[in-house]
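Text of entry27.tsv (TSV, C-alpha atoms and all ligand atoms) as supplied:
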```
chain	number	residue	atom	x	y	z
D	292	MET	CA	36.15	8.52	-42.93
D	293	ASN	CA	33.52	8.82	-40.26
D	294	TYR	CA	30.21	7.01	-40.10
D	295	GLN	CA	28.14	9.80	-41.67
D	296	GLN	CA	30.54	10.30	-44.56
D	297	PHE	CA	30.44	6.56	-45.17
D	298	ILE	CA	26.63	6.53	-45.36
D	299	ILE	CA	26.56	9.53	-47.73
D	300	LYS	CA	29.16	7.91	-49.93
D	301	ALA	CA	27.22	4.65	-49.96
D	302	MET	CA	24.06	6.50	-50.92
D	303	ASN	CA	25.77	8.35	-53.71
D	304	TYR	CA	26.98	5.01	-54.98
D	305	ASP	CA	23.43	3.66	-54.99
D	306	HIS	CA	21.46	6.62	-56.21
D	307	GLY	CA	23.48	9.71	-56.85
D	308	GLY	CA	25.29	8.33	-59.83
D	309	SER	CA	22.20	7.08	-61.61
D	310	HIS	CA	19.96	9.27	-63.72
D	311	ASP	CA	17.05	6.89	-63.42
D	312	SER	CA	13.74	8.82	-63.19
D	313	ASP	CA	12.50	6.20	-60.67
D	314	ALA	CA	15.34	7.01	-58.29
D	315	CYS	CA	14.75	8.40	-54.84
D	316	ASN	CA	16.13	11.73	-53.74
D	317	MET	CA	17.98	10.76	-50.61
D	318	GLN	CA	19.23	13.88	-48.97
D	319	MET	CA	20.50	14.23	-45.50
D	320	LEU	CA	19.74	17.91	-45.59
D	321	PHE	CA	16.53	19.70	-44.84
D	322	ASN	CA	14.33	19.93	-47.94
D	323	TRP	CA	10.84	20.66	-49.23
D	324	ASP	CA	10.93	18.07	-52.03
D	325	THR	CA	7.61	17.05	-53.51
D	326	GLU	CA	9.00	14.68	-56.08
D	327	LYS	CA	11.25	11.66	-56.06
D	328	LEU	CA	10.67	11.61	-52.37
D	329	CYS	CA	10.92	8.10	-50.96
D	330	ILE	CA	9.49	7.46	-47.52
D	331	ILE	CA	11.49	4.68	-45.87
D	332	PHE	CA	10.73	2.17	-48.68
D	333	THR	CA	11.55	2.45	-52.38
D	334	TRP	CA	7.91	1.65	-53.14
D	335	TRP	CA	6.59	4.54	-51.04
D	336	ARG	CA	7.69	7.11	-53.59
D	337	VAL	CA	5.99	10.51	-53.73
D	338	ASN	CA	5.74	11.85	-57.25
D	339	SER	CA	2.80	14.20	-57.05
D	340	ILE	CA	1.24	16.74	-54.69
D	341	GLY	CA	-1.84	14.53	-54.27
D	342	PHE	CA	0.20	11.56	-53.14
D	343	LEU	CA	2.27	13.80	-50.86
D	344	ILE	CA	-0.91	14.98	-49.11
D	345	LEU	CA	-2.10	11.38	-48.74
D	346	SER	CA	1.29	10.36	-47.32
D	347	CYS	CA	1.21	13.24	-44.85
D	348	PHE	CA	-2.23	12.07	-43.66
D	349	ILE	CA	-0.92	8.55	-43.16
D	350	ILE	CA	2.02	9.87	-41.13
D	351	ILE	CA	-0.26	12.08	-39.03
D	352	LEU	CA	-2.34	8.98	-38.33
D	353	LEU	CA	0.72	6.95	-37.34
D	354	ALA	CA	1.95	9.66	-34.97
D	355	THR	CA	-1.54	9.89	-33.44
D	356	SER	CA	-1.56	6.09	-32.98
D	357	PHE	CA	1.70	6.35	-31.09
D	358	GLU	CA	0.03	8.61	-28.51
D	359	PHE	CA	-2.96	6.27	-28.51
D	360	LEU	CA	-0.74	3.29	-27.64
D	361	ARG	CA	0.79	5.18	-24.72
D	362	PHE	CA	-2.69	5.95	-23.49
D	363	ALA	CA	-3.85	2.35	-24.06
D	364	LEU	CA	-0.96	0.94	-22.01
D	365	ARG	CA	-1.71	3.31	-19.16
D	366	LYS	CA	-5.42	2.41	-19.26
D	367	TYR	CA	-4.63	-1.27	-19.30
D	368	ASP	CA	-2.25	-0.97	-16.35
D	369	THR	CA	-4.87	0.95	-14.38
D	370	LYS	CA	-7.42	-1.77	-15.18
D	371	ILE	CA	-5.05	-4.42	-13.86
D	372	GLN	CA	-4.36	-2.36	-10.75
D	373	VAL	CA	-8.07	-1.95	-10.02
D	374	SER	CA	-8.78	-5.65	-10.45
D	375	TYR	CA	-5.75	-6.40	-8.28
D	376	SER	CA	-6.90	-4.15	-5.45
D	377	GLN	CA	-10.40	-5.68	-5.63
D	378	LEU	CA	-8.81	-9.11	-5.42
D	379	GLN	CA	-6.85	-7.90	-2.45
D	380	GLU	CA	-10.02	-6.74	-0.71
D	381	GLY	CA	-11.67	-10.13	-1.15
D	382	ARG	CA	-8.49	-11.68	0.16
D	383	ASP	CA	-8.58	-9.52	3.29
D	384	ALA	CA	-11.66	-11.40	4.44
D	385	ASN	CA	-9.73	-14.64	4.47
D	386	SER	CA	-6.60	-14.26	6.54
D	387	GLU	CA	-5.22	-17.68	5.61
D	388	GLU	CA	-4.79	-16.53	2.06
D	389	VAL	CA	-2.87	-13.43	3.03
D	390	ALA	CA	0.37	-15.38	3.11
D	391	THR	CA	0.18	-15.74	-0.66
D	392	GLN	CA	-0.30	-12.02	-1.20
D	393	SER	CA	3.06	-11.58	-2.88
D	394	ASN	CA	1.94	-13.92	-5.65
D	395	ALA	CA	-1.17	-11.86	-6.20
D	396	ASN	CA	1.11	-8.91	-6.91
D	397	ARG	CA	2.17	-10.60	-10.11
D	398	ILE	CA	0.07	-10.11	-13.19
D	399	THR	CA	-1.05	-13.04	-15.34
D	400	TYR	CA	0.81	-14.22	-18.43
D	401	VAL	CA	-2.00	-13.05	-20.71
D	402	GLN	CA	-1.93	-9.59	-19.14
D	403	GLN	CA	1.85	-9.46	-19.51
D	404	LEU	CA	1.53	-10.59	-23.13
D	405	VAL	CA	-0.96	-7.81	-23.92
D	406	ARG	CA	1.28	-5.25	-22.21
D	407	THR	CA	4.28	-6.53	-24.15
D	408	LEU	CA	2.39	-6.33	-27.44
D	409	ILE	CA	1.33	-2.75	-26.81
D	410	HIS	CA	4.83	-1.80	-25.73
D	411	THR	CA	6.49	-3.46	-28.73
D	412	SER	CA	4.10	-1.75	-31.16
D	413	GLN	CA	4.97	1.50	-29.46
D	414	VAL	CA	8.71	0.89	-29.90
D	415	PHE	CA	8.19	-0.07	-33.55
D	416	LEU	CA	6.12	3.05	-34.24
D	417	SER	CA	8.63	5.30	-32.54
D	418	PHE	CA	11.50	4.00	-34.69
D	419	PHE	CA	9.33	4.18	-37.78
D	420	LEU	CA	8.47	7.83	-37.09
D	421	MET	CA	12.12	8.56	-36.42
D	422	LEU	CA	12.97	7.19	-39.87
D	423	VAL	CA	10.26	9.39	-41.39
D	424	PHE	CA	11.89	12.36	-39.70
D	425	MET	CA	15.21	11.24	-41.14
D	426	THR	CA	13.97	11.98	-44.66
D	427	TYR	CA	14.68	15.61	-43.63
D	428	ASN	CA	11.57	16.52	-45.56
D	429	GLY	CA	9.73	19.52	-44.12
D	430	PHE	CA	6.25	18.26	-45.01
D	431	LEU	CA	6.81	14.88	-43.41
D	432	MET	CA	8.42	16.38	-40.30
D	433	ILE	CA	5.45	18.72	-39.81
D	434	SER	CA	3.09	15.75	-40.24
D	435	VAL	CA	4.82	13.84	-37.42
D	436	ILE	CA	4.53	16.87	-35.15
D	437	ILE	CA	0.86	17.48	-36.03
D	438	GLY	CA	0.09	13.79	-35.35
D	439	ALA	CA	1.84	13.92	-31.96
D	440	ALA	CA	-0.06	17.08	-31.04
D	441	ILE	CA	-3.46	15.68	-32.06
D	442	GLY	CA	-2.77	12.39	-30.27
D	443	TYR	CA	-1.69	14.07	-27.07
D	444	PHE	CA	-4.61	16.48	-27.12
D	445	VAL	CA	-7.17	13.72	-27.65
D	446	PHE	CA	-5.78	10.89	-25.55
D	447	SER	CA	-4.02	12.42	-22.58
D	448	SER	CA	-7.30	13.17	-20.83
D	449	SER	CA	-6.79	14.44	-17.32
D	450	VAL	CA	-7.46	12.39	-14.24
D	451	ILE	CA	-8.63	14.47	-11.28
D	452	ASP	CA	-6.52	17.55	-11.93
D	453	PHE	CA	-3.27	15.61	-11.78
D	454	GLY	CA	-3.14	14.84	-15.45
D	455	GLU	CA	-1.98	11.52	-16.69
D	456	SER	CA	0.49	11.16	-13.87
D	457	ALA	CA	-2.06	10.03	-11.27
D	458	ILE	CA	-1.98	6.27	-10.81
D	459	LEU	CA	-4.82	4.47	-9.13
D	460	ILE	CA	-3.47	2.23	-6.38
D	461	LYS	CA	-6.60	1.30	-4.49
D	462	GLN	CA	-10.31	1.33	-5.10
D	463	GLY	CA	-12.26	1.03	-1.87
D	464	ALA	CA	-15.97	1.17	-1.13
D	465	GLU	CA	-15.80	4.86	-0.25
D	466	ALA	CA	-12.77	6.26	-1.97
D	467	ARG	CA	-10.17	5.83	-4.66
D	468	ILE	CA	-6.51	6.25	-3.75
D	469	TYR	CA	-4.08	7.62	-6.33
D	470	THR	CA	-0.40	8.41	-6.21
D	471	ALA	CA	0.81	11.41	-8.18
D	472	PRO	CA	3.80	13.69	-8.26
D	473	PHE	CA	3.20	16.87	-6.29
D	474	LEU	CA	5.83	19.54	-6.82
D	475	THR	CA	9.03	17.68	-6.00
D	476	ARG	CA	7.38	14.92	-3.97
D	477	THR	CA	5.01	12.02	-4.35
D	478	ALA	CA	1.53	12.61	-3.04
D	479	ILE	CA	-1.48	10.47	-2.22
D	480	ILE	CA	-4.78	11.69	-3.57
D	481	LYS	CA	-7.84	10.32	-1.87
D	482	GLU	CA	-10.96	10.87	-3.92
D	483	ARG	CA	-14.33	10.12	-2.42
D	484	PHE	CA	-16.86	9.17	-5.03
D	485	SER	CA	-20.58	9.82	-4.99
D	486	LYS	CA	-23.15	7.34	-3.83
D	487	THR	CA	-25.59	6.84	-6.69
D	488	TYR	CA	-28.45	5.83	-4.37
D	489	ARG	CA	-28.43	9.26	-2.71
D	490	HIS	CA	-30.02	12.41	-4.04
D	491	PRO	CA	-27.25	14.27	-5.95
D	492	THR	CA	-27.53	17.52	-3.99
D	493	LEU	CA	-27.62	15.75	-0.64
D	494	ASP	CA	-24.78	13.50	-1.74
D	495	LYS	CA	-22.57	16.43	-2.73
D	496	LYS	CA	-23.21	18.09	0.62
D	497	LEU	CA	-22.55	14.96	2.66
D	498	THR	CA	-19.43	14.03	0.69
D	499	ALA	CA	-18.01	17.56	1.06
D	500	ARG	CA	-18.70	17.42	4.80
D	501	ARG	CA	-16.94	14.05	5.10
D	502	VAL	CA	-13.91	15.28	3.17
D	503	THR	CA	-13.66	18.38	5.36
D	504	GLN	CA	-14.02	16.32	8.53
D	505	GLU	CA	-11.36	13.85	7.42
D	506	ALA	CA	-8.91	16.66	6.63
D	507	ARG	CA	-9.68	18.45	9.91
D	508	CYS	CA	-9.08	15.36	12.06
D	509	LEU	CA	-5.91	14.53	10.13
D	510	PHE	CA	-4.62	18.04	10.65
D	511	LYS	CA	-5.64	18.18	14.30
D	512	CYS	CA	-3.73	14.99	15.07
D	513	ARG	CA	-0.63	16.11	13.20
D	514	LYS	CA	-0.67	19.43	15.00
D	515	SER	CA	-0.73	17.64	18.35
D	516	GLY	CA	2.38	15.63	17.53
D	517	VAL	CA	0.93	12.43	16.09
D	518	ASP	CA	2.74	11.27	12.97
D	519	THR	CA	0.17	11.42	10.18
D	520	PRO	CA	0.59	12.20	6.46
D	521	VAL	CA	1.18	15.92	5.90
D	522	LEU	CA	-1.93	17.54	4.50
D	523	TYR	CA	-1.14	19.25	1.17
D	524	PHE	CA	-4.56	20.49	0.16
D	525	VAL	CA	-8.28	19.75	0.17
D	526	ASN	CA	-10.70	20.23	-2.70
D	527	THR	CA	-14.34	19.82	-1.75
D	528	GLU	CA	-15.43	20.45	-5.35
D	529	ASN	CA	-14.08	17.11	-6.55
D	530	SER	CA	-13.95	15.56	-3.07
D	531	THR	CA	-10.21	15.06	-2.97
D	532	ILE	CA	-7.63	15.27	-0.24
D	533	CYS	CA	-4.02	15.52	-1.28
D	534	MET	CA	-1.49	14.39	1.30
D	535	GLU	CA	2.01	13.12	1.78
D	536	PHE	CA	2.81	9.67	0.46
D	537	ILE	CA	4.17	7.59	3.32
D	538	GLN	CA	7.09	5.44	2.29
D	539	GLY	CA	6.84	2.48	4.61
D	540	MET	CA	5.06	-0.69	5.64
D	541	ILE	CA	1.48	-1.25	6.66
D	542	ILE	CA	1.41	-2.75	10.18
D	543	LYS	CA	-0.94	-5.47	9.02
D	544	ASP	CA	1.56	-6.72	6.44
D	545	LEU	CA	4.40	-6.35	8.90
D	546	LEU	CA	2.70	-8.58	11.47
D	547	ILE	CA	1.68	-11.12	8.87
D	548	SER	CA	4.69	-11.47	6.64
D	549	ASP	CA	7.75	-10.01	8.37
D	550	ASN	CA	9.45	-12.81	10.30
D	551	GLU	CA	11.33	-10.31	12.39
D	552	TYR	CA	8.05	-9.14	13.88
D	553	ILE	CA	6.27	-12.49	13.99
D	554	GLN	CA	8.92	-14.18	16.09
D	555	ASN	CA	10.46	-11.36	18.04
D	556	LYS	CA	8.56	-10.33	21.19
D	557	GLU	CA	10.88	-7.39	21.73
D	558	LYS	CA	10.06	-5.97	18.31
D	559	GLN	CA	6.36	-6.45	19.02
D	560	ASP	CA	6.69	-4.65	22.33
D	561	GLU	CA	8.51	-1.78	20.63
D	562	LEU	CA	5.68	-1.52	18.12
D	563	ALA	CA	3.02	-1.77	20.85
D	564	GLU	CA	4.67	1.17	22.61
D	565	LYS	CA	4.56	3.27	19.46
D	566	ILE	CA	0.90	2.42	18.84
D	567	GLY	CA	-0.09	3.03	22.49
D	568	ILE	CA	1.59	6.44	22.58
D	569	ALA	CA	0.12	7.50	19.22
D	570	LEU	CA	-3.41	6.51	20.29
D	571	ALA	CA	-3.00	8.36	23.57
D	572	LYS	CA	-2.10	11.51	21.63
D	573	VAL	CA	-5.04	11.12	19.24
D	574	HIS	CA	-7.53	10.69	22.09
D	575	ALA	CA	-5.96	13.48	24.13
D	576	VAL	CA	-7.09	15.96	21.46
D	577	ASP	CA	-10.55	14.33	21.38
D	578	VAL	CA	-10.23	12.83	17.92
D	579	ILE	CA	-11.98	9.50	17.48
D	580	HIS	CA	-10.33	7.70	14.56
D	581	GLY	CA	-13.37	5.54	13.84
D	582	ASP	CA	-11.57	2.86	11.85
D	583	LEU	CA	-8.59	1.71	13.88
D	584	THR	CA	-7.31	-1.41	12.15
D	585	THR	CA	-3.79	-2.59	11.44
D	586	SER	CA	-4.36	-1.61	7.77
D	587	ASN	CA	-4.64	2.02	8.84
D	588	LEU	CA	-1.36	2.06	10.76
D	589	MET	CA	1.98	2.33	9.00
D	590	LEU	CA	5.64	2.35	9.93
D	591	ARG	CA	7.65	5.07	8.23
D	592	GLU	CA	10.69	3.63	6.51
D	593	SER	CA	12.99	6.57	7.16
D	594	ASN	CA	12.71	6.85	10.96
D	595	GLN	CA	10.52	3.88	11.97
D	596	SER	CA	7.89	6.24	13.34
D	597	LEU	CA	4.29	5.02	13.61
D	598	VAL	CA	1.97	6.79	11.18
D	599	ILE	CA	-1.80	6.83	11.52
D	600	ILE	CA	-3.67	7.08	8.20
D	601	ASP	CA	-7.26	6.98	6.94
D	602	PHE	CA	-9.26	9.49	8.98
D	603	GLY	CA	-12.24	8.80	6.70
D	604	LEU	CA	-14.54	7.91	9.60
D	605	SER	CA	-13.07	10.27	12.18
D	606	TYR	CA	-14.93	12.77	14.30
D	607	VAL	CA	-14.35	14.89	17.36
D	608	SER	CA	-15.74	13.75	20.70
D	609	SER	CA	-14.62	13.96	24.31
D	610	LEU	CA	-16.82	11.08	25.52
D	611	PRO	CA	-14.89	8.22	27.17
D	612	GLU	CA	-17.46	5.91	25.59
D	613	ASP	CA	-16.44	6.91	22.05
D	614	LYS	CA	-12.76	6.52	22.84
D	615	ALA	CA	-13.41	3.12	24.39
D	616	VAL	CA	-15.24	2.00	21.24
D	617	ASP	CA	-12.25	3.21	19.19
D	618	LEU	CA	-9.96	0.95	21.26
D	619	TYR	CA	-12.45	-1.89	21.02
D	620	VAL	CA	-12.44	-1.67	17.23
D	621	LEU	CA	-8.64	-1.95	17.25
D	622	GLU	CA	-8.78	-4.89	19.67
D	623	LYS	CA	-11.23	-6.69	17.38
D	624	ALA	CA	-9.03	-5.97	14.37
D	625	PHE	CA	-5.95	-7.29	16.17
D	626	LEU	CA	-7.55	-10.47	17.40
D	627	SER	CA	-9.29	-11.30	14.14
D	628	THR	CA	-6.35	-10.57	11.82
D	629	HIS	CA	-3.37	-11.50	13.93
D	630	PRO	CA	-3.51	-14.78	15.85
D	631	ASN	CA	-1.90	-14.80	19.29
D	632	SER	CA	-1.76	-11.03	19.50
D	633	GLU	CA	-3.54	-10.77	22.89
D	634	GLU	CA	-0.29	-9.96	24.65
D	635	MET	CA	0.64	-7.32	22.13
D	636	PHE	CA	-2.74	-5.63	22.43
D	637	ALA	CA	-2.49	-5.69	26.23
D	638	ASN	CA	0.86	-3.95	25.86
D	639	ILE	CA	-0.70	-1.31	23.61
D	640	LEU	CA	-3.27	-0.59	26.32
D	641	GLU	CA	-0.55	-0.40	28.94
D	642	TYR	CA	1.40	2.22	26.97
D	643	TYR	CA	-1.86	4.03	26.19
D	644	GLN	CA	-2.60	4.22	29.91
D	645	LYS	CA	0.91	5.37	30.85
D	646	ASN	CA	0.81	8.18	28.33
D	647	TYR	CA	-2.73	9.44	28.78
D	648	LYS	CA	-3.83	10.82	32.13
D	649	ALA	CA	-7.56	10.58	31.48
D	650	SER	CA	-7.36	6.96	30.35
D	651	GLN	CA	-8.74	5.35	33.51
D	652	GLY	CA	-12.37	6.14	32.70
D	653	ILE	CA	-11.86	5.06	29.11
D	654	LEU	CA	-10.40	1.68	30.04
D	655	SER	CA	-13.22	0.91	32.44
D	656	LYS	CA	-15.63	1.87	29.64
D	657	LEU	CA	-13.71	-0.52	27.40
D	658	ALA	CA	-14.49	-3.36	29.81
D	659	GLU	CA	-18.20	-2.46	29.48
D	660	VAL	CA	-18.00	-2.22	25.71
D	661	ARG	CA	-16.35	-5.65	25.54
D	662	LEU	CA	-19.33	-7.13	27.35
D	663	ARG	CA	-21.97	-5.63	25.13
D	664	GLY	CA	-20.16	-5.11	21.79
D	665	ARG	CA	-19.64	-1.75	20.13
D	666	LYS	CA	-23.32	-0.71	20.15
D	667	ARG	CA	-24.01	2.38	22.20
D	668	SER	CA	-25.40	1.96	25.71
D	669	MET	CA	-29.17	2.48	25.60
D	670	VAL	CA	-29.36	3.68	29.18
D	671	GLY	CA	-28.86	7.36	30.01
B	701	LIG	N1	-0.63	8.78	2.90
B	701	LIG	C1	-0.47	7.53	2.44
B	701	LIG	N2	0.76	7.05	2.16
B	701	LIG	C2	0.94	5.80	1.69
B	701	LIG	N3	-0.07	4.94	1.43
B	701	LIG	C3	-1.32	5.36	1.69
B	701	LIG	C4	-1.60	6.66	2.20
B	701	LIG	N4	-2.94	6.80	2.32
B	701	LIG	C5	-3.47	5.64	1.92
B	701	LIG	N5	-2.52	4.76	1.54
B	701	LIG	C6	-2.71	3.39	1.03
B	701	LIG	O1	-4.02	3.26	0.54
B	701	LIG	C7	-4.75	2.34	1.31
B	701	LIG	C8	-6.17	2.83	1.50
B	701	LIG	O2	-6.19	4.13	2.01
B	701	LIG	P1	-7.20	4.55	3.17
B	701	LIG	O3	-6.99	6.00	3.45
B	701	LIG	O4	-7.04	3.60	4.32
B	701	LIG	O5	-8.61	4.39	2.46
B	701	LIG	P2	-9.83	3.37	2.70
B	701	LIG	O6	-10.89	4.23	3.30
B	701	LIG	O7	-10.15	2.87	1.35
B	701	LIG	O8	-9.35	2.30	3.67
B	701	LIG	C9	-4.00	2.22	2.62
B	701	LIG	O9	-4.20	0.97	3.24
B	701	LIG	C10	-2.57	2.41	2.18
B	701	LIG	O10	-2.07	1.22	1.64
B	702	MG	MG	-8.19	2.24	5.34
```
This structure in structure tokens:
Amino acid sequence: MNYQQFIIKAMNYDHGGSHDSDACNMQMLFNWDTEKLCIIFTWWRVNSIGFLILSCFIIILLATSFEFLRFALRKYDTKIQVSYSQLQEGRDANSEEVATQSNANRITYVQQLVRTLIHTSQVFLSFFLMLVFMTYNGFLMISVIIGAAIGYFVFSSSVIDFGESAILIKQGAEARIYTAPFLTRTAIIKERFSKTYRHPTLDKKLTARRVTQEARCLFKCRKSGVDTPVLYFVNTENSTICMEFIQGMIIKDLLISDNEYIQNKEKQDELAEKIGIALAKVHAVDVIHGDLTTSNLMLRESNQSLVIIDFGLSYVSSLPEDKAVDLYVLEKAFLSTHPNSEEMFANILEYYQKNYKASQGILSKLAEVRLRGRKRSMVG
């Protein structure tokens, strides 16, 4: 006797044999029963059309709540992620604290408790709805489906065209960064948000211009052989740029927490070479990155190639002065974030020089810029 036969036999023993009018019709076959219909419990017994309608409403509500819980968990996770990235930003200002970054990745016990509660309720509801379905009653089955449809329609509100699948990973001062599936790959979506202090029309125009400029510089660099994220598409209507998600490490984290890099001069020299060559290529096509920091440089996991990201402040200029300021910004970032990195930065400049013919003028400008800071020369 198999499992199903055993259950049916057991049920017949309990109910089938009795002629009690209070008994439940327990069929494991599809039915449209409106009487003697028991829903999971013996006390939830439908004996009239009115009570059947009420029961269907309750089941619709339960199925809707299931979708609501899924939505609530997602919302809650996003909230934690946003507060985590804000925490991270505050932390950036204090480099001593960076060493404890991995702890900040963990969520608090209360947050984990709330997540667990939502998840457990979701599991309970899903099993409960499955048991409702197991009554094989057409009315109840339709109610579960209607509830799921209503819940999904109401709660799965779309996030910037990528539906519920977009996950916020960073909220900066200028832009939000999401990851989302894009065809068969993972993409990064960078969404610039509006500045409320600006006139809306002006703001829309300026934001669209910025987005276009960022995408253009990104594309220009990639075309000239610099490893940057692949540009998937740009939407100036909602100020988003969709690009390749780089699987790898941020150079800043590498230099702070990877012992291999901290202690090994050879590794540092290898990295300096990659950075120097990449910068030479960027400047050779007259792109000024505008925000060269170790947070905007990454190392691709697959082939250890250096990737330049975040062209949010980039522009095109052939002036040696602008290129010198670009290098100066990187120097400042290196020296303020990474102690004892003078030698590494000097190596970067050496490789930059070797790989860029027009670098002489830029490096002498850099000496000038160092003396006066990044402000533009007021003479000439
Ligand atoms: N293409 C990408 N692949 C992987 N991570 C990315 C990518 N673009 C951005 N990020 C992550 O998001 C962070 C912020 O993105 P970024 O473009 O630098 O914006 P912001 O202007 O806020 O600095 C980066 O430091 C990096 O961790
Ligand atoms: Mg950045």
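Proximity of D:Leu320, D:Ile398, D:Leu408, D:Val502 to ligand LIG 701 (chain B), computed with only C-alpha atoms and all ligand atoms, is greatest for D:Val502.
Restricting the calculation to all atoms listed in the file, the smallest distance between ligand LIG 701 (chain B) and any of D:Ala506, D:Val521, D:Leu345, D:Ile351 is found for D:Val521.
Using only C-alpha atoms and all ligand atoms for every distance, the candidate list D:Thr492, D:Ala471, D:Gln462, D:Lys648 yields D:Gln462 as the residue closest to ligand MG 702 (chain B).
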### Environment of ligand LIG 701 (chain B) within 8 Å, counting all atoms listed in the file, reported as a count of residues only
29
### Message
Around (8.5, 4.7, -38.0), as given in the file, which residues come within 12 Å? Count only C-alpha atoms and list them as a PyMOL selection string.
### Response
chain D and resi 330-332+349-354+356-357+412-426+431-432+435
## Note on the structure
Atom pair atom CA of D:Lys565 + atom CA of D:Thr477, distance 25.4 Å
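Between atom CA of D:Leu604 and atom CA of D:Asp582 lies a distance of 6.3 Å.
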### Query
So how many Å separate atom CA of D:Val517 and atom CA of D:Met540, to one decimal?
17.3 Å
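With distances restricted to all atoms listed in the file, D:Ile599 is the closest residue to ligand MG 702 (chain B) from D:Ile409, D:Ile599, D:Ile566, D:Val576.
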### Sphere at (-2.7, 11.4, 21.1), radius 10 Å, counting only C-alpha atoms: residues as a PyMOL selection string
chain D and resi 512-513+515-518+566-578+643+646-647
